[in-house]
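The next block is data22.json, given as JSON, C-alpha atoms.
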[["chain", "number", "residue", "atom", "x", "y", "z"],
["N", 1, "MET", "CA", -103.61, -5.88, 26.84],
["N", 2, "THR", "CA", -100.66, -7.68, 25.35],
["N", 3, "VAL", "CA", -98.31, -9.19, 27.91],
["N", 4, "SER", "CA", -94.76, -10.03, 26.91],
["N", 5, "ALA", "CA", -92.41, -12.13, 29.01],
["N", 6, "ARG", "CA", -91.47, -9.28, 31.35],
["N", 7, "PRO", "CA", -92.87, -5.83, 30.50],
["N", 8, "ASP", "CA", -91.88, -3.02, 32.82],
["N", 9, "ASP", "CA", -95.46, -1.90, 33.36],
["N", 10, "VAL", "CA", -96.58, -5.33, 34.61],
["N", 11, "VAL", "CA", -93.65, -6.40, 36.81],
["N", 12, "LEU", "CA", -94.86, -6.43, 40.39],
["N", 13, "ASN", "CA", -92.31, -5.27, 42.94],
["N", 14, "TRP", "CA", -93.77, -6.85, 46.07],
["N", 15, "GLY", "CA", -90.75, -5.86, 48.16],
["N", 16, "THR", "CA", -88.14, -7.96, 49.84],
["N", 17, "THR", "CA", -89.85, -8.67, 53.18],
["N", 18, "TYR", "CA", -91.61, -11.81, 51.92],
["N", 19, "ARG", "CA", -92.17, -13.64, 48.68],
["N", 20, "VAL", "CA", -95.67, -13.60, 47.24],
["N", 21, "THR", "CA", -97.05, -17.08, 46.86],
["N", 22, "VAL", "CA", -100.32, -18.05, 45.21],
["N", 23, "LEU", "CA", -102.58, -21.05, 45.83],
["N", 24, "GLU", "CA", -105.02, -21.56, 42.97],
["N", 25, "LEU", "CA", -108.28, -23.39, 43.56],
["N", 26, "GLY", "CA", -109.51, -24.04, 40.03],
["N", 27, "LEU", "CA", -112.98, -25.37, 40.65],
["N", 28, "ALA", "CA", -114.38, -25.17, 37.11],
["N", 29, "CYS", "CA", -113.71, -23.78, 33.64],
["N", 30, "CYS", "CA", -112.16, -20.52, 34.91],
["N", 31, "GLY", "CA", -109.42, -22.65, 36.41],
["N", 32, "VAL", "CA", -108.12, -23.37, 32.90],
["N", 33, "GLU", "CA", -107.66, -19.65, 32.24],
["N", 34, "VAL", "CA", -105.96, -19.20, 35.60],
["N", 35, "MET", "CA", -103.58, -22.07, 34.83],
["N", 36, "ALA", "CA", -102.60, -20.29, 31.61],
["N", 37, "ALA", "CA", -101.80, -17.17, 33.64],
["N", 38, "LEU", "CA", -99.82, -19.17, 36.21],
["N", 39, "ASP", "CA", -97.13, -19.79, 33.58],
["N", 40, "ARG", "CA", -96.41, -16.04, 33.58],
["N", 41, "LEU", "CA", -96.44, -15.47, 37.35],
["N", 42, "PRO", "CA", -92.83, -16.42, 38.19],
["N", 43, "ASP", "CA", -91.63, -13.73, 35.75],
["N", 44, "LEU", "CA", -93.74, -11.21, 37.66],
["N", 45, "GLY", "CA", -92.40, -11.94, 41.13],
["N", 46, "VAL", "CA", -95.22, -14.30, 42.15],
["N", 47, "THR", "CA", -94.73, -18.02, 42.89],
["N", 48, "PRO", "CA", -97.52, -20.62, 42.56],
["N", 49, "VAL", "CA", -97.48, -23.17, 45.41],
["N", 50, "ALA", "CA", -99.23, -26.48, 46.01],
["N", 51, "GLY", "CA", -100.11, -26.05, 49.68],
["N", 52, "ALA", "CA", -102.12, -23.49, 51.62],
["N", 53, "GLY", "CA", -99.48, -23.32, 54.35],
["N", 54, "GLU", "CA", -97.14, -21.55, 51.91],
["N", 55, "ALA", "CA", -99.61, -19.22, 50.14],
["N", 56, "HIS", "CA", -100.31, -15.55, 50.78],
["N", 57, "VAL", "CA", -102.82, -15.18, 47.93],
["N", 58, "LEU", "CA", -105.76, -17.54, 47.41],
["N", 59, "VAL", "CA", -107.17, -17.50, 43.88],
["N", 60, "VAL", "CA", -110.67, -18.99, 43.79],
["N", 61, "SER", "CA", -111.84, -19.59, 40.23],
["N", 62, "GLY", "CA", -114.99, -21.28, 39.02],
["N", 63, "THR", "CA", -118.21, -22.49, 40.56],
["N", 64, "VAL", "CA", -118.07, -22.87, 44.34],
["N", 65, "THR", "CA", -120.64, -25.42, 45.40],
["N", 66, "ASP", "CA", -121.98, -25.53, 48.95],
["N", 67, "ALA", "CA", -120.35, -28.97, 49.32],
["N", 68, "MET", "CA", -116.94, -27.57, 48.29],
["N", 69, "LEU", "CA", -117.19, -24.39, 50.39],
["N", 70, "PRO", "CA", -115.83, -25.93, 53.64],
["N", 71, "ALA", "CA", -112.67, -27.09, 51.83],
["N", 72, "VAL", "CA", -112.17, -23.61, 50.37],
["N", 73, "ILE", "CA", -112.57, -22.07, 53.83],
["N", 74, "ARG", "CA", -110.11, -24.59, 55.32],
["N", 75, "SER", "CA", -107.58, -23.67, 52.65],
["N", 76, "PHE", "CA", -107.97, -19.99, 53.49],
["N", 77, "GLU", "CA", -107.66, -20.60, 57.23],
["N", 78, "ALA", "CA", -104.46, -22.65, 56.69],
["N", 79, "MET", "CA", -102.76, -19.73, 54.97],
["N", 80, "PRO", "CA", -100.25, -17.62, 56.93],
["N", 81, "GLU", "CA", -100.76, -13.89, 57.44],
["N", 82, "PRO", "CA", -100.87, -11.68, 55.46],
["N", 83, "ARG", "CA", -103.44, -13.45, 53.30],
["N", 84, "TYR", "CA", -105.51, -12.17, 50.43],
["N", 85, "VAL", "CA", -108.27, -13.56, 48.22],
["N", 86, "ILE", "CA", -108.80, -13.01, 44.50],
["N", 87, "SER", "CA", -112.10, -14.26, 43.09],
["N", 88, "VAL", "CA", -111.86, -15.08, 39.39],
["N", 89, "GLY", "CA", -114.85, -15.43, 37.08],
["N", 90, "ALA", "CA", -118.58, -14.90, 37.24],
["N", 91, "CYS", "CA", -119.27, -18.17, 39.09],
["N", 92, "SER", "CA", -116.83, -17.45, 41.89],
["N", 93, "ASN", "CA", -117.94, -13.82, 42.11],
["N", 94, "THR", "CA", -121.73, -14.26, 42.04],
["N", 95, "GLY", "CA", -122.65, -17.86, 41.29],
["N", 96, "GLY", "CA", -122.65, -17.08, 37.56],
["N", 97, "PRO", "CA", -125.31, -18.77, 35.44],
["N", 98, "TYR", "CA", -125.81, -21.26, 38.28],
["N", 99, "TRP", "CA", -126.78, -18.64, 40.90],
["N", 100, "ASP", "CA", -130.31, -20.02, 41.07],
["N", 101, "SER", "CA", -129.18, -23.53, 42.01],
["N", 102, "TYR", "CA", -129.78, -24.78, 45.54],
["N", 103, "SER", "CA", -126.23, -26.16, 45.68],
["N", 104, "VAL", "CA", -124.15, -23.17, 44.46],
["N", 105, "THR", "CA", -122.62, -20.54, 46.73],
["N", 106, "LYS", "CA", -123.79, -17.13, 45.53],
["N", 107, "GLY", "CA", -120.29, -15.68, 45.54],
["N", 108, "ILE", "CA", -117.22, -16.59, 47.56],
["N", 109, "ASP", "CA", -117.41, -13.16, 49.21],
["N", 110, "GLN", "CA", -120.23, -14.54, 51.36],
["N", 111, "ALA", "CA", -117.70, -16.78, 53.10],
["N", 112, "LEU", "CA", -114.28, -15.13, 52.66],
["N", 113, "PRO", "CA", -113.00, -11.56, 52.50],
["N", 114, "VAL", "CA", -112.43, -10.96, 48.77],
["N", 115, "HIS", "CA", -109.84, -8.29, 48.03],
["N", 116, "VAL", "CA", -110.10, -8.36, 44.22],
["N", 117, "ALA", "CA", -112.87, -9.74, 42.01],
["N", 118, "VAL", "CA", -111.92, -10.48, 38.40],
["N", 119, "PRO", "CA", -115.01, -10.47, 36.14],
["N", 120, "GLY", "CA", -115.63, -12.63, 33.08],
["N", 121, "CYS", "CA", -117.03, -15.94, 31.94],
["N", 122, "PRO", "CA", -114.32, -17.10, 31.69],
["N", 123, "PRO", "CA", -111.90, -14.21, 32.03],
["N", 124, "ARG", "CA", -108.79, -14.26, 29.88],
["N", 125, "PRO", "CA", -105.45, -15.05, 31.55],
["N", 126, "GLU", "CA", -104.50, -11.38, 31.27],
["N", 127, "ALA", "CA", -107.44, -10.56, 33.53],
["N", 128, "LEU", "CA", -105.83, -12.46, 36.41],
["N", 129, "LEU", "CA", -102.63, -10.50, 35.83],
["N", 130, "GLU", "CA", -104.66, -7.29, 36.05],
["N", 131, "GLY", "CA", -106.24, -8.61, 39.25],
["N", 132, "LEU", "CA", -102.79, -9.20, 40.71],
["N", 133, "LYS", "CA", -101.81, -5.66, 39.76],
["N", 134, "ALA", "CA", -104.94, -4.39, 41.54],
["N", 135, "LEU", "CA", -104.07, -6.43, 44.63],
["N", 136, "HIS", "CA", -100.53, -5.07, 44.48],
["N", 137, "GLY", "CA", -102.01, -1.56, 44.51],
["N", 138, "LEU", "CA", -104.14, -2.40, 47.58],
["N", 139, "VAL", "CA", -101.23, -3.97, 49.46],
["N", 140, "ASN", "CA", -98.87, -1.08, 48.76],
["N", 141, "ALA", "CA", -101.41, 1.70, 49.31]]
Show me this structure written as C-alpha coordinates.
Amino acid sequence: MTVSARPDDVVLNWGTTYRVTVLELGLACCGVEVMAALDRLPDLGVTPVAGAGEAHVLVVSGTVTDAMLPAVIRSFEAMPEPRYVISVGACSNTGGPYWDSYSVTKGIDQALPVHVAVPGCPPRPEALLEGLKALHGLVNA
(Lines of atoms letter the chains of each structure in order from A and count residues from 1; the text may use other names and numbers.)
(Lines give C-alpha, C1' and ligand atoms only; values in the text may rest on other atoms or scores of the structure.)
Protein backbone atom coordinates (compact mmCIF):
# COMPACT_ATOMS: atom_id res chain seq x y z
CA MET A 1 0.00 0.00 0.00
CA THR A 2 1.38 3.36 -0.97
CA VAL A 3 0.54 6.14 1.47
CA SER A 4 0.72 9.74 0.31
CA ALA A 5 0.59 12.72 2.65
CA ARG A 6 -3.19 12.65 3.03
CA PRO A 7 -5.07 10.10 0.89
CA ASP A 8 -8.84 10.09 1.26
CA ASP A 9 -8.99 6.35 1.89
CA VAL A 10 -6.60 6.54 4.87
CA VAL A 11 -7.77 9.69 6.66
CA LEU A 12 -9.31 8.65 9.95
CA ASN A 13 -12.33 10.67 11.01
CA TRP A 14 -12.33 9.91 14.74
CA GLY A 15 -15.09 12.43 15.40
CA THR A 16 -15.07 15.65 17.33
CA THR A 17 -15.80 14.36 20.85
CA TYR A 18 -12.13 13.80 21.70
CA ARG A 19 -8.78 13.85 19.97
CA VAL A 20 -7.04 10.53 19.45
CA THR A 21 -3.67 10.46 21.13
CA VAL A 22 -1.08 7.70 20.88
CA LEU A 23 1.63 6.66 23.35
CA GLU A 24 4.26 4.50 21.67
CA LEU A 25 6.34 2.10 23.73
CA GLY A 26 9.10 1.11 21.32
CA LEU A 27 10.83 -1.66 23.21
CA ALA A 28 12.96 -3.11 20.40
CA CYS A 29 13.51 -3.03 16.64
CA CYS A 30 9.80 -2.70 15.80
CA GLY A 31 9.90 0.64 17.56
CA VAL A 32 11.97 2.04 14.68
CA GLU A 33 9.24 1.15 12.19
CA VAL A 34 6.60 2.64 14.47
CA MET A 35 8.60 5.88 14.75
CA ALA A 36 8.62 6.10 10.95
CA ALA A 37 4.83 5.80 10.96
CA LEU A 38 4.47 8.40 13.72
CA ASP A 39 5.60 11.08 11.26
CA ARG A 40 2.41 10.44 9.26
CA LEU A 41 -0.04 10.28 12.17
CA PRO A 42 -0.78 14.01 12.61
CA ASP A 43 -1.96 14.14 8.98
CA LEU A 44 -4.38 11.32 9.78
CA GLY A 45 -6.03 12.90 12.80
CA VAL A 46 -3.89 11.11 15.40
CA THR A 47 -1.47 12.88 17.76
CA PRO A 48 1.57 11.18 19.34
CA VAL A 49 2.07 12.17 23.00
CA ALA A 50 4.89 11.70 25.50
CA GLY A 51 2.83 10.80 28.57
CA ALA A 52 0.35 8.05 29.35
CA GLY A 53 -2.01 10.52 31.03
CA GLU A 54 -2.79 12.04 27.63
CA ALA A 55 -2.98 8.88 25.48
CA HIS A 56 -6.04 6.94 24.34
CA VAL A 57 -4.10 4.41 22.27
CA LEU A 58 -1.09 2.48 23.59
CA VAL A 59 1.17 1.08 20.87
CA VAL A 60 3.41 -1.68 22.24
CA SER A 61 6.12 -2.63 19.77
CA GLY A 62 9.02 -5.00 20.22
CA THR A 63 10.09 -7.56 22.77
CA VAL A 64 8.33 -7.23 26.12
CA THR A 65 10.53 -8.72 28.80
CA ASP A 66 9.11 -9.86 32.13
CA ALA A 67 11.17 -7.12 33.81
CA MET A 68 9.63 -4.44 31.56
CA LEU A 69 6.05 -5.75 31.81
CA PRO A 70 5.15 -3.88 35.05
CA ALA A 71 6.13 -0.55 33.44
CA VAL A 72 4.00 -1.33 30.39
CA ILE A 73 1.04 -2.18 32.64
CA ARG A 74 1.54 1.04 34.64
CA SER A 75 1.51 3.03 31.41
CA PHE A 76 -1.76 1.39 30.39
CA GLU A 77 -3.35 1.97 33.78
CA ALA A 78 -2.36 5.67 33.70
CA MET A 79 -4.25 6.20 30.45
CA PRO A 80 -7.70 7.85 30.56
CA GLU A 81 -10.79 6.06 29.24
CA PRO A 82 -11.45 5.15 26.51
CA ARG A 83 -8.15 3.33 26.08
CA TYR A 84 -7.05 0.88 23.43
CA VAL A 85 -3.96 -1.26 22.81
CA ILE A 86 -2.26 -2.02 19.51
CA SER A 87 0.43 -4.69 19.60
CA VAL A 88 3.00 -4.25 16.83
CA GLY A 89 5.36 -6.97 15.66
CA ALA A 90 5.93 -10.65 16.29
CA CYS A 91 7.74 -10.11 19.61
CA SER A 92 4.97 -8.02 21.12
CA ASN A 93 2.29 -10.34 19.74
CA THR A 94 3.77 -13.72 20.66
CA GLY A 95 7.29 -13.33 22.00
CA GLY A 96 8.66 -13.68 18.46
CA PRO A 97 11.90 -15.62 18.05
CA TYR A 98 12.51 -15.16 21.78
CA TRP A 99 9.30 -16.93 22.89
CA ASP A 100 11.33 -19.75 24.43
CA SER A 101 13.29 -17.45 26.74
CA TYR A 102 12.58 -17.50 30.46
CA SER A 103 12.57 -13.68 30.54
CA VAL A 104 10.25 -12.82 27.61
CA THR A 105 6.51 -12.26 27.91
CA LYS A 106 4.77 -14.58 25.45
CA GLY A 107 2.62 -11.81 24.03
CA ILE A 108 1.37 -8.59 25.57
CA ASP A 109 -2.18 -9.93 25.31
CA GLN A 110 -1.42 -12.04 28.38
CA ALA A 111 -1.30 -8.85 30.45
CA LEU A 112 -3.36 -6.24 28.57
CA PRO A 113 -6.48 -6.30 26.40
CA VAL A 114 -5.13 -6.06 22.83
CA HIS A 115 -7.60 -4.58 20.36
CA VAL A 116 -5.44 -4.87 17.24
CA ALA A 117 -2.36 -7.02 16.61
CA VAL A 118 -0.12 -5.94 13.73
CA PRO A 119 1.97 -8.88 12.44
CA GLY A 120 5.50 -8.76 11.05
CA CYS A 121 9.14 -8.92 12.01
CA PRO A 122 9.42 -5.99 11.82
CA PRO A 123 6.24 -4.74 10.19
CA ARG A 124 6.53 -1.84 7.76
CA PRO A 125 5.31 1.59 8.89
CA GLU A 126 2.27 1.19 6.65
CA ALA A 127 1.26 -1.82 8.75
CA LEU A 128 0.76 0.41 11.79
CA LEU A 129 -1.40 2.71 9.69
CA GLU A 130 -3.49 -0.31 8.69
CA GLY A 131 -3.69 -1.26 12.37
CA LEU A 132 -5.00 2.20 13.20
CA LYS A 133 -7.59 1.85 10.44
CA ALA A 134 -8.65 -1.49 11.96
CA LEU A 135 -8.92 0.10 15.40
CA HIS A 136 -10.95 2.93 13.89
CA GLY A 137 -13.33 0.31 12.48
CA LEU A 138 -13.69 -1.32 15.91
CA VAL A 139 -14.28 1.98 17.69
CA ASN A 140 -16.88 3.16 15.20
CA ALA A 141 -18.66 -0.18 14.80
With segment 55-63 of chain N as the partner and 9 Å as the cut-off, tabulate the residues of segment 84-115 of chain N that qualify, each row holding the nearest pair of atoms and their distance in Å to one decimal, using only C-alpha atoms, sorted by chain and rising number, as CSV.
residue,atom,partner,partner_atom,distance
N:Tyr84,CA,N:Val57,CA,4.7
N:Val85,CA,N:Leu58,CA,4.8
N:Ile86,CA,N:Val59,CA,4.8
N:Ser87,CA,N:Val60,CA,5.0
N:Val88,CA,N:Ser61,CA,4.6
N:Gly89,CA,N:Ser61,CA,6.0
N:Ala90,CA,N:Gly62,CA,7.5
N:Cys91,CA,N:Thr63,CA,4.7
N:Ser92,CA,N:Gly62,CA,5.1
N:Asn93,CA,N:Gly62,CA,8.6
N:Gly95,CA,N:Thr63,CA,6.5
N:Gly96,CA,N:Thr63,CA,7.6
N:Tyr98,CA,N:Thr63,CA,8.0
N:Val104,CA,N:Thr63,CA,7.1
N:Thr105,CA,N:Thr63,CA,7.8
N:Gly107,CA,N:Thr63,CA,8.7
N:Ile108,CA,N:Val60,CA,7.9
Take the residues just selected and output them with C-alpha atoms as an mmCIF file, keeping the file's coordinate frame.
data_model
loop_
_atom_site.group_PDB
_atom_site.id
_atom_site.type_symbol
_atom_site.label_atom_id
_atom_site.label_comp_id
_atom_site.auth_asym_id
_atom_site.auth_seq_id
_atom_site.Cartn_x
_atom_site.Cartn_y
_atom_site.Cartn_z
ATOM 1 C CA TYR N 84 -105.510 -12.170 50.430
ATOM 2 C CA VAL N 85 -108.270 -13.560 48.220
ATOM 3 C CA ILE N 86 -108.800 -13.010 44.500
ATOM 4 C CA SER N 87 -112.100 -14.260 43.090
ATOM 5 C CA VAL N 88 -111.860 -15.080 39.390
ATOM 6 C CA GLY N 89 -114.850 -15.430 37.080
ATOM 7 C CA ALA N 90 -118.580 -14.900 37.240
ATOM 8 C CA CYS N 91 -119.270 -18.170 39.090
ATOM 9 C CA SER N 92 -116.830 -17.450 41.890
ATOM 10 C CA ASN N 93 -117.940 -13.820 42.110
ATOM 11 C CA GLY N 95 -122.650 -17.860 41.290
ATOM 12 C CA GLY N 96 -122.650 -17.080 37.560
ATOM 13 C CA TYR N 98 -125.810 -21.260 38.280
ATOM 14 C CA VAL N 104 -124.150 -23.170 44.460
ATOM 15 C CA THR N 105 -122.620 -20.540 46.730
ATOM 16 C CA GLY N 107 -120.290 -15.680 45.540
ATOM 17 C CA ILE N 108 -117.220 -16.590 47.560
#
Check your understanding: Which distance in Å separates atom CA of Lys106 of chain N and atom CA of Ala134 of chain N, to one decimal?
Key -> 23.1 Å
Review point. Hey, can you check how far atom CA of Thr21 of chain N sits from atom CA of Glu54 of chain N?
Key: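 It comes out at 6.7 Å.
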Practice item. Work out how far apart atom CA of Ala71 of chain N and atom CA of Glu33 of chain N are and give it in Å to one decimal. Key: 21.5 Å
Check your understanding: With all atoms listed in the file as the basis for distance, which of N:Leu41, N:Cys30, N:Leu138, N:Leu23 is at the shortest distance from Ala78 of chain N?
Key ->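 Of N:Leu41, N:Cys30, N:Leu138, N:Leu23, the one nearest Ala78 of chain N, counting all atoms listed in the file, is N:Leu23.
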Check your understanding: What would the list of residues within 8 Å of (-107.3, -9.7, 39.0) (file frame) look like as a ChimeraX atom specification, if all atoms listed in the file are what count?
Key -> /N:86-88,116-118,127-135
Revision key, fill the gap. In terms of all atoms listed in the file, the residue from N:Val20, N:Ala37, N:Ala28, N:Ala67 at minimal distance from Pro125 of chain N is N:Ala37
Exercise for review: Can you work out which one of N:Met35, N:Val64, N:Thr47, N:Pro97 has the shortest atom-to-atom distance to Asp109 of chain N, counting only C-alpha atoms?
Suggested key: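 Comparing N:Met35, N:Val64, N:Thr47, N:Pro97 against Asp109 of chain N, the winner is N:Val64.
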Mind dumping segment 87-125 of chain N from that block, keeping N, CA and C atoms, as a PDB file, in the first residue's frame?
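The resulting file, selection10.pdb, is shown below:
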ATOM      1  N   SER N  87      -0.818  -3.948  19.465  1.00  0.00           N
ATOM      2  CA  SER N  87       0.430  -4.690  19.602  1.00  0.00           C
ATOM      3  C   SER N  87       1.070  -4.777  18.226  1.00  0.00           C
ATOM      4  N   VAL N  88       2.322  -4.330  18.121  1.00  0.00           N
ATOM      5  CA  VAL N  88       2.996  -4.252  16.827  1.00  0.00           C
ATOM      6  C   VAL N  88       4.207  -5.173  16.802  1.00  0.00           C
ATOM      7  N   GLY N  89       4.217  -6.102  15.871  1.00  0.00           N
ATOM      8  CA  GLY N  89       5.358  -6.972  15.657  1.00  0.00           C
ATOM      9  C   GLY N  89       5.236  -8.321  16.334  1.00  0.00           C
ATOM     10  N   ALA N  90       5.982  -9.275  15.807  1.00  0.00           N
ATOM     11  CA  ALA N  90       5.933 -10.646  16.291  1.00  0.00           C
ATOM     12  C   ALA N  90       6.314 -10.763  17.761  1.00  0.00           C
ATOM     13  N   CYS N  91       7.286  -9.994  18.210  1.00  0.00           N
ATOM     14  CA  CYS N  91       7.735 -10.106  19.606  1.00  0.00           C
ATOM     15  C   CYS N  91       6.672  -9.638  20.578  1.00  0.00           C
ATOM     16  N   SER N  92       6.032  -8.534  20.255  1.00  0.00           N
ATOM     17  CA  SER N  92       4.972  -8.023  21.125  1.00  0.00           C
ATOM     18  C   SER N  92       3.744  -8.932  21.073  1.00  0.00           C
ATOM     19  N   ASN N  93       3.475  -9.493  19.906  1.00  0.00           N
ATOM     20  CA  ASN N  93       2.288 -10.337  19.737  1.00  0.00           C
ATOM     21  C   ASN N  93       2.437 -11.708  20.387  1.00  0.00           C
ATOM     22  N   THR N  94       3.620 -12.331  20.221  1.00  0.00           N
ATOM     23  CA  THR N  94       3.767 -13.725  20.663  1.00  0.00           C
ATOM     24  C   THR N  94       5.084 -14.034  21.358  1.00  0.00           C
ATOM     25  N   GLY N  95       5.950 -13.067  21.488  1.00  0.00           N
ATOM     26  CA  GLY N  95       7.292 -13.332  22.002  1.00  0.00           C
ATOM     27  C   GLY N  95       8.294 -13.470  20.878  1.00  0.00           C
ATOM     28  N   GLY N  96       7.808 -13.602  19.640  1.00  0.00           N
ATOM     29  CA  GLY N  96       8.662 -13.684  18.455  1.00  0.00           C
ATOM     30  C   GLY N  96       9.685 -14.794  18.540  1.00  0.00           C
ATOM     31  N   PRO N  97      10.879 -14.576  18.016  1.00  0.00           N
ATOM     32  CA  PRO N  97      11.903 -15.619  18.046  1.00  0.00           C
ATOM     33  C   PRO N  97      12.429 -15.879  19.461  1.00  0.00           C
ATOM     34  N   TYR N  98      12.039 -15.025  20.395  1.00  0.00           N
ATOM     35  CA  TYR N  98      12.513 -15.156  21.780  1.00  0.00           C
ATOM     36  C   TYR N  98      11.462 -15.812  22.685  1.00  0.00           C
ATOM     37  N   TRP N  99      10.414 -16.386  22.102  1.00  0.00           N
ATOM     38  CA  TRP N  99       9.305 -16.933  22.887  1.00  0.00           C
ATOM     39  C   TRP N  99       9.762 -17.991  23.878  1.00  0.00           C
ATOM     40  N   ASP N 100      10.868 -18.663  23.582  1.00  0.00           N
ATOM     41  CA  ASP N 100      11.331 -19.753  24.433  1.00  0.00           C
ATOM     42  C   ASP N 100      12.210 -19.274  25.589  1.00  0.00           C
ATOM     43  N   SER N 101      12.437 -17.983  25.680  1.00  0.00           N
ATOM     44  CA  SER N 101      13.292 -17.445  26.736  1.00  0.00           C
ATOM     45  C   SER N 101      12.516 -17.350  28.051  1.00  0.00           C
ATOM     46  N   TYR N 102      13.194 -17.580  29.136  1.00  0.00           N
ATOM     47  CA  TYR N 102      12.578 -17.498  30.458  1.00  0.00           C
ATOM     48  C   TYR N 102      12.191 -16.065  30.816  1.00  0.00           C
ATOM     49  N   SER N 103      12.767 -15.073  30.135  1.00  0.00           N
ATOM     50  CA  SER N 103      12.573 -13.681  30.536  1.00  0.00           C
ATOM     51  C   SER N 103      11.681 -12.873  29.587  1.00  0.00           C
ATOM     52  N   VAL N 104      11.058 -13.520  28.605  1.00  0.00           N
ATOM     53  CA  VAL N 104      10.251 -12.815  27.607  1.00  0.00           C
ATOM     54  C   VAL N 104       8.781 -13.136  27.807  1.00  0.00           C
ATOM     55  N   THR N 105       7.962 -12.087  27.836  1.00  0.00           N
ATOM     56  CA  THR N 105       6.512 -12.256  27.914  1.00  0.00           C
ATOM     57  C   THR N 105       6.040 -12.847  26.593  1.00  0.00           C
ATOM     58  N   LYS N 106       5.216 -13.847  26.642  1.00  0.00           N
ATOM     59  CA  LYS N 106       4.774 -14.582  25.451  1.00  0.00           C
ATOM     60  C   LYS N 106       3.605 -13.889  24.757  1.00  0.00           C
ATOM     61  N   GLY N 107       3.664 -12.590  24.663  1.00  0.00           N
ATOM     62  CA  GLY N 107       2.615 -11.810  24.033  1.00  0.00           C
ATOM     63  C   GLY N 107       2.006 -10.854  25.042  1.00  0.00           C
ATOM     64  N   ILE N 108       1.895  -9.596  24.653  1.00  0.00           N
ATOM     65  CA  ILE N 108       1.370  -8.585  25.568  1.00  0.00           C
ATOM     66  C   ILE N 108      -0.098  -8.838  25.875  1.00  0.00           C
ATOM     67  N   ASP N 109      -0.768  -9.623  25.048  1.00  0.00           N
ATOM     68  CA  ASP N 109      -2.179  -9.928  25.307  1.00  0.00           C
ATOM     69  C   ASP N 109      -2.371 -10.776  26.564  1.00  0.00           C
ATOM     70  N   GLN N 110      -1.315 -11.314  27.114  1.00  0.00           N
ATOM     71  CA  GLN N 110      -1.420 -12.041  28.378  1.00  0.00           C
ATOM     72  C   GLN N 110      -1.592 -11.091  29.556  1.00  0.00           C
ATOM     73  N   ALA N 111      -1.242  -9.818  29.352  1.00  0.00           N
ATOM     74  CA  ALA N 111      -1.300  -8.853  30.448  1.00  0.00           C
ATOM     75  C   ALA N 111      -2.279  -7.708  30.186  1.00  0.00           C
ATOM     76  N   LEU N 112      -2.509  -7.374  28.922  1.00  0.00           N
ATOM     77  CA  LEU N 112      -3.361  -6.241  28.565  1.00  0.00           C
ATOM     78  C   LEU N 112      -4.381  -6.675  27.517  1.00  0.00           C
ATOM     79  N   PRO N 113      -5.526  -5.996  27.463  1.00  0.00           N
ATOM     80  CA  PRO N 113      -6.481  -6.302  26.397  1.00  0.00           C
ATOM     81  C   PRO N 113      -5.991  -5.699  25.078  1.00  0.00           C
ATOM     82  N   VAL N 114      -5.622  -6.536  24.127  1.00  0.00           N
ATOM     83  CA  VAL N 114      -5.127  -6.057  22.835  1.00  0.00           C
ATOM     84  C   VAL N 114      -6.303  -5.969  21.874  1.00  0.00           C
ATOM     85  N   HIS N 115      -6.500  -4.802  21.288  1.00  0.00           N
ATOM     86  CA  HIS N 115      -7.601  -4.584  20.364  1.00  0.00           C
ATOM     87  C   HIS N 115      -7.205  -4.885  18.931  1.00  0.00           C
ATOM     88  N   VAL N 116      -5.946  -4.607  18.580  1.00  0.00           N
ATOM     89  CA  VAL N 116      -5.437  -4.871  17.235  1.00  0.00           C
ATOM     90  C   VAL N 116      -4.016  -5.389  17.359  1.00  0.00           C
ATOM     91  N   ALA N 117      -3.717  -6.480  16.665  1.00  0.00           N
ATOM     92  CA  ALA N 117      -2.360  -7.024  16.606  1.00  0.00           C
ATOM     93  C   ALA N 117      -1.845  -6.858  15.179  1.00  0.00           C
ATOM     94  N   VAL N 118      -0.722  -6.180  15.036  1.00  0.00           N
ATOM     95  CA  VAL N 118      -0.118  -5.943  13.728  1.00  0.00           C
ATOM     96  C   VAL N 118       1.023  -6.942  13.571  1.00  0.00           C
ATOM     97  N   PRO N 119       0.929  -7.864  12.602  1.00  0.00           N
ATOM     98  CA  PRO N 119       1.969  -8.883  12.441  1.00  0.00           C
ATOM     99  C   PRO N 119       3.198  -8.342  11.720  1.00  0.00           C
ATOM    100  N   GLY N 120       4.293  -9.097  11.782  1.00  0.00           N
ATOM    101  CA  GLY N 120       5.498  -8.761  11.051  1.00  0.00           C
ATOM    102  C   GLY N 120       6.720  -8.786  11.931  1.00  0.00           C
ATOM    103  N   CYS N 121       7.887  -8.905  11.272  1.00  0.00           N
ATOM    104  CA  CYS N 121       9.138  -8.925  12.010  1.00  0.00           C
ATOM    105  C   CYS N 121      10.233  -8.260  11.166  1.00  0.00           C
ATOM    106  N   PRO N 122      10.361  -6.978  11.276  1.00  0.00           N
ATOM    107  CA  PRO N 122       9.423  -5.991  11.819  1.00  0.00           C
ATOM    108  C   PRO N 122       8.396  -5.633  10.759  1.00  0.00           C
ATOM    109  N   PRO N 123       7.233  -5.185  11.177  1.00  0.00           N
ATOM    110  CA  PRO N 123       6.242  -4.737  10.193  1.00  0.00           C
ATOM    111  C   PRO N 123       6.652  -3.387   9.603  1.00  0.00           C
ATOM    112  N   ARG N 124       6.247  -3.136   8.392  1.00  0.00           N
ATOM    113  CA  ARG N 124       6.534  -1.843   7.760  1.00  0.00           C
ATOM    114  C   ARG N 124       5.690  -0.755   8.409  1.00  0.00           C
ATOM    115  N   PRO N 125       6.101   0.497   8.305  1.00  0.00           N
ATOM    116  CA  PRO N 125       5.315   1.592   8.886  1.00  0.00           C
ATOM    117  C   PRO N 125       3.859   1.604   8.415  1.00  0.00           C
TER     118      PRO N 125
END
